[in-house]
$ cat work.txt   # compact mmCIF, C-alpha atoms
# COMPACT_ATOMS: atom_id res chain seq x y z
CA MET A 1 76.26 80.33 94.69
CA GLY A 2 73.21 81.35 96.71
CA ALA A 3 72.35 84.59 98.42
CA ILE A 4 75.19 84.74 100.99
CA SER A 5 75.93 88.33 100.04
CA ARG A 6 74.65 90.37 97.13
CA TYR A 7 78.07 92.03 96.85
CA LEU A 8 79.90 88.70 96.69
CA ASP A 9 77.29 87.31 94.29
CA ALA A 10 77.81 90.33 92.04
CA LEU A 11 81.60 89.82 92.05
CA VAL A 12 81.24 86.09 91.28
CA ARG A 13 78.86 86.97 88.44
CA GLU A 14 81.38 89.45 86.97
CA PHE A 15 84.28 86.98 87.20
CA SER A 16 82.07 84.32 85.53
CA ARG A 17 81.78 86.56 82.48
CA LEU A 18 85.53 86.23 81.83
CA PRO A 19 86.57 83.67 79.19
CA GLY A 20 87.51 80.29 80.64
CA VAL A 21 86.20 81.15 84.12
CA GLY A 22 83.39 78.89 85.31
CA PRO A 23 81.26 79.32 88.44
CA LYS A 24 83.72 77.47 90.73
CA SER A 25 86.74 79.43 89.50
CA ALA A 26 84.76 82.67 89.76
CA SER A 27 83.86 81.83 93.35
CA ARG A 28 87.52 81.07 94.19
CA LEU A 29 88.61 84.38 92.65
CA ALA A 30 85.95 86.30 94.56
CA PHE A 31 87.00 84.77 97.89
CA HIS A 32 90.65 85.44 97.03
CA VAL A 33 89.77 89.12 96.49
CA LEU A 34 88.09 89.13 99.93
CA ARG A 35 91.36 87.94 101.52
CA MET A 36 93.60 90.38 99.62
CA PRO A 37 95.01 93.40 101.46
CA GLU A 38 93.18 96.63 100.64
CA GLY A 39 96.23 98.01 98.80
CA ASP A 40 96.42 94.96 96.51
CA VAL A 41 92.71 95.26 95.69
CA ARG A 42 93.19 98.92 94.86
CA SER A 43 96.19 98.06 92.63
CA LEU A 44 94.13 95.43 90.79
CA VAL A 45 91.24 97.83 90.21
CA ASP A 46 93.65 100.57 89.08
CA ALA A 47 95.42 98.20 86.67
CA ILE A 48 92.10 97.20 85.07
CA ARG A 49 91.02 100.84 84.81
CA GLU A 50 94.39 101.92 83.32
CA VAL A 51 94.35 99.11 80.72
CA ARG A 52 90.90 100.18 79.54
CA LYS A 53 91.92 103.83 79.50
CA HIS A 54 95.32 103.65 77.78
CA ILE A 55 95.53 100.51 75.62
CA THR A 56 94.59 101.04 71.99
CA ALA A 57 95.24 99.45 68.59
CA CYS A 58 98.56 100.29 66.91
CA ALA A 59 98.00 102.60 63.93
CA VAL A 60 100.50 100.54 61.89
CA CYS A 61 99.92 96.86 62.67
CA GLY A 62 96.69 96.80 64.67
CA GLY A 63 98.43 95.23 67.68
CA ILE A 64 98.27 96.42 71.28
CA ALA A 65 99.74 99.87 71.88
CA ASP A 66 100.08 102.42 74.67
CA GLY A 67 100.23 105.23 72.11
CA GLU A 68 99.89 105.65 68.36
CA ARG A 69 102.43 102.90 67.57
CA CYS A 70 103.17 99.69 69.46
CA ALA A 71 106.59 98.96 70.95
CA ILE A 72 107.34 96.42 68.19
CA CYS A 73 106.59 98.79 65.28
CA ALA A 74 108.58 101.53 67.03
CA ASP A 75 111.62 99.29 67.61
CA PRO A 76 114.34 100.11 65.03
CA ALA A 77 116.03 96.76 65.71
CA ARG A 78 113.11 94.77 64.28
CA ASP A 79 113.46 93.26 60.78
CA ARG A 80 111.30 95.51 58.60
CA GLY A 81 111.51 93.11 55.66
CA VAL A 82 109.31 90.43 57.21
CA ILE A 83 105.72 90.83 58.41
CA CYS A 84 103.95 88.08 60.36
CA VAL A 85 100.18 88.15 59.82
CA VAL A 86 98.08 86.91 62.76
CA GLU A 87 94.35 86.67 63.47
CA GLN A 88 94.11 88.51 66.79
CA GLN A 89 96.14 90.87 68.99
CA LYS A 90 96.75 88.10 71.54
CA ASP A 91 98.48 86.05 68.82
CA VAL A 92 101.27 88.66 68.64
CA LEU A 93 102.10 87.92 72.28
CA THR A 94 102.03 84.17 71.63
CA VAL A 95 104.49 84.40 68.71
CA GLU A 96 106.70 86.85 70.62
CA ARG A 97 106.99 84.40 73.53
CA SER A 98 108.52 81.82 71.16
CA GLY A 99 111.53 84.09 70.55
CA ALA A 100 111.69 82.82 66.94
CA PHE A 101 110.46 85.92 65.14
CA THR A 102 112.20 89.30 64.94
CA GLY A 103 110.17 91.02 62.24
CA LEU A 104 106.98 93.08 62.37
CA TYR A 105 103.34 92.02 62.73
CA HIS A 106 99.97 92.67 61.19
CA VAL A 107 96.70 91.83 62.98
CA LEU A 108 93.72 90.87 60.80
CA ASN A 109 91.13 91.02 63.61
CA GLY A 110 89.59 87.73 62.52
CA VAL A 111 89.49 85.31 59.60
CA ILE A 112 87.38 84.90 56.49
CA SER A 113 84.27 82.97 57.52
CA PRO A 114 81.37 83.10 55.02
CA LEU A 115 79.10 81.16 57.41
CA ASP A 116 79.52 83.96 59.96
CA GLY A 117 79.16 86.66 57.31
CA ILE A 118 82.84 87.67 57.53
CA GLY A 119 84.47 88.41 54.20
CA PRO A 120 87.85 89.97 53.35
CA GLU A 121 86.35 93.48 53.56
CA GLU A 122 85.54 92.95 57.26
CA LEU A 123 89.17 92.22 58.07
CA ASN A 124 92.21 94.49 58.44
CA ILE A 125 93.54 93.53 54.98
CA LYS A 126 93.69 96.87 53.11
CA PRO A 127 96.31 98.32 55.49
CA LEU A 128 98.36 95.13 55.02
CA LEU A 129 98.32 95.60 51.25
CA GLU A 130 99.46 99.20 51.77
CA ARG A 131 102.35 97.98 53.91
CA CYS A 132 103.29 95.52 51.15
CA LYS A 133 104.04 98.50 48.88
CA ASP A 134 107.05 99.33 51.05
CA VAL A 135 110.14 98.22 49.12
CA ALA A 136 111.70 96.94 52.36
CA VAL A 137 109.06 94.18 52.68
CA VAL A 138 110.33 90.93 51.14
CA GLU A 139 108.28 88.29 52.97
CA ILE A 140 104.82 87.89 54.50
CA VAL A 141 104.57 85.06 57.04
CA ILE A 142 100.96 83.96 57.49
CA ALA A 143 100.37 82.65 61.01
CA THR A 144 96.63 82.11 61.06
CA ASN A 145 95.28 79.19 63.08
CA PRO A 146 95.30 75.78 61.32
CA SER A 147 91.53 75.69 60.83
CA VAL A 148 89.30 75.74 57.76
CA GLU A 149 88.83 79.50 58.16
CA GLY A 150 92.52 80.09 58.91
CA ASP A 151 93.56 78.11 55.82
CA ALA A 152 91.00 79.92 53.63
CA THR A 153 92.30 83.27 54.87
CA SER A 154 95.92 82.29 54.22
CA LEU A 155 95.10 81.15 50.67
CA TYR A 156 93.23 84.40 50.00
CA LEU A 157 96.13 86.52 51.29
CA SER A 158 98.65 84.50 49.28
CA LYS A 159 96.58 85.01 46.12
CA ILE A 160 96.42 88.80 46.48
CA ILE A 161 99.99 89.37 47.76
CA LYS A 162 102.09 87.05 45.54
CA PRO A 163 101.54 89.07 42.32
CA SER A 164 103.47 91.93 43.97
CA GLY A 165 106.60 89.74 44.01
CA ILE A 166 106.69 89.40 47.79
CA LYS A 167 107.47 85.94 49.13
CA VAL A 168 104.46 84.50 51.01
CA THR A 169 105.03 81.75 53.58
CA ARG A 170 102.75 79.95 56.01
CA ILE A 171 103.90 78.67 59.39
CA ALA A 172 104.30 74.90 59.40
CA HIS A 173 101.48 72.92 60.91
CA GLY A 174 103.39 71.98 64.04
CA ILE A 175 100.30 73.30 65.80
CA PRO A 176 97.50 70.72 65.95
CA VAL A 177 94.63 71.28 63.52
CA GLY A 178 91.74 72.94 65.29
CA ALA A 179 93.96 74.40 68.04
CA ASP A 180 94.52 78.10 68.71
CA LEU A 181 97.93 79.79 68.70
CA GLU A 182 97.14 81.11 72.18
CA PHE A 183 97.41 77.62 73.69
CA ALA A 184 100.55 76.46 71.84
CA ASP A 185 103.79 76.26 73.78
CA GLY A 186 106.87 78.26 72.80
CA ALA A 187 108.73 75.25 71.38
CA THR A 188 105.82 74.41 69.04
CA ILE A 189 105.55 78.01 67.84
CA TYR A 190 109.33 78.13 67.36
CA GLN A 191 109.30 74.94 65.25
CA SER A 192 106.31 76.15 63.23
CA LEU A 193 108.05 79.41 62.35
CA LYS A 194 111.38 77.77 61.54
CA CYS A 195 109.68 75.19 59.28
CA ARG A 196 107.34 77.56 57.46
CA VAL A 197 106.77 76.82 53.78
CA GLU A 198 106.33 79.04 50.75
CA MET A 199 102.81 79.14 49.35

$ encode --input "work.txt" --output "structure tokens"
Amino acid sequence: MGAISRYLDALVREFSRLPGVGPKSASRLAFHVLRMPEGDVRSLVDAIREVRKHITACAVCGGIADGERCAICADPARDRGVICVVEQQKDVLTVERSGAFTGLYHVLNGVISPLDGIGPEELNIKPLLERCKDVAVVEIVIATNPSVEGDATSLYLSKIIKPSGIKVTRIAHGIPVGADLEFADGATIYQSLKCRVEM
């Protein structure tokens, strides 16, 4: 961007570090911040600070929580018999937006990827197996991304969960292979959940 202002350059640099934000977008964001009323800037800074200060991982599912348990795990209206297993916390929000799922979630914090040195022990699998001991749980829906690693993870989970007698399903591949759940639209997620198949 050049040395117009070291303060502006620093802001552009920080915005550029965000995922999906290139130099041009970072510059646009920085100039937008310059035009914002002081109160709006303060609100933005406060919101970022509060998110970092108060958001934590749910002690039950590993999702996003304001306290010990997330709003979904704490909701008595949710179906406690079905647990949807996802790769990342952001995937919970993606599935929730579809409106097709009313059960609980479990976040793995990744997928099995031997090339990256990630095995089952690096993932949030042990707590999932503990949750499977609850007699209320009758189905595990595996909603990992349709990738080689996502498929390997789903097969591994199916292999270790099925002997317990719990039904294991995988969301249908309505999502294109190689795509991430985060970028799928609600209708695609809805169809994938409705057309899931037993493994």

$ atom_distance --input "work.txt" --atom1 "atom CA of A:Gly110" --atom2 "atom CA of A:Leu123"
6.3 Å

$ residues_near_point --input "work.txt" --point "(85.4, 81.4, 90.0)" --cutoff "10 Å" --atoms "all atoms listed in the file" --output "list in words"
Leu11, Val12, Arg13, Glu14, Phe15, Ser16, Arg17, Leu18, Gly20, Val21, Gly22, Pro23, Lys24, Ser25, Ala26, Ser27, Arg28, Leu29, Ala30, Phe31 and His32 of chain A

$ residues_near_point --input "work.txt" --point "(112.6, 83.3, 65.8)" --cutoff "8 Å" --atoms "all atoms listed in the file" --output "number ranges by chain"
A: 98-102, 190, 193-194

$ write_last_selection --input "work.txt" --atoms "C-alpha atoms" --output "short mmCIF file (atom, residue, chain, number, x, y, z; two decimals), keeping the file's coordinate frame"
data_model
loop_
_atom_site.label_atom_id
_atom_site.label_comp_id
_atom_site.auth_asym_id
_atom_site.auth_seq_id
_atom_site.Cartn_x
_atom_site.Cartn_y
_atom_site.Cartn_z
CA SER A 98 108.52 81.82 71.16
CA GLY A 99 111.53 84.09 70.55
CA ALA A 100 111.69 82.82 66.94
CA PHE A 101 110.46 85.92 65.14
CA THR A 102 112.20 89.30 64.94
CA TYR A 190 109.33 78.13 67.36
CA LEU A 193 108.05 79.41 62.35
CA LYS A 194 111.38 77.77 61.54
#

$ closest_residue --input "work.txt" --among "A:Arg80, A:Lys53, A:Arg6, A:Arg69" --to "A:Ala136" --atoms "only C-alpha atoms"
A:Arg80

$ atom_distance --input "work.txt" --atom1 "atom CA of A:Glu149" --atom2 "atom CA of A:Val111"
6.0 Å
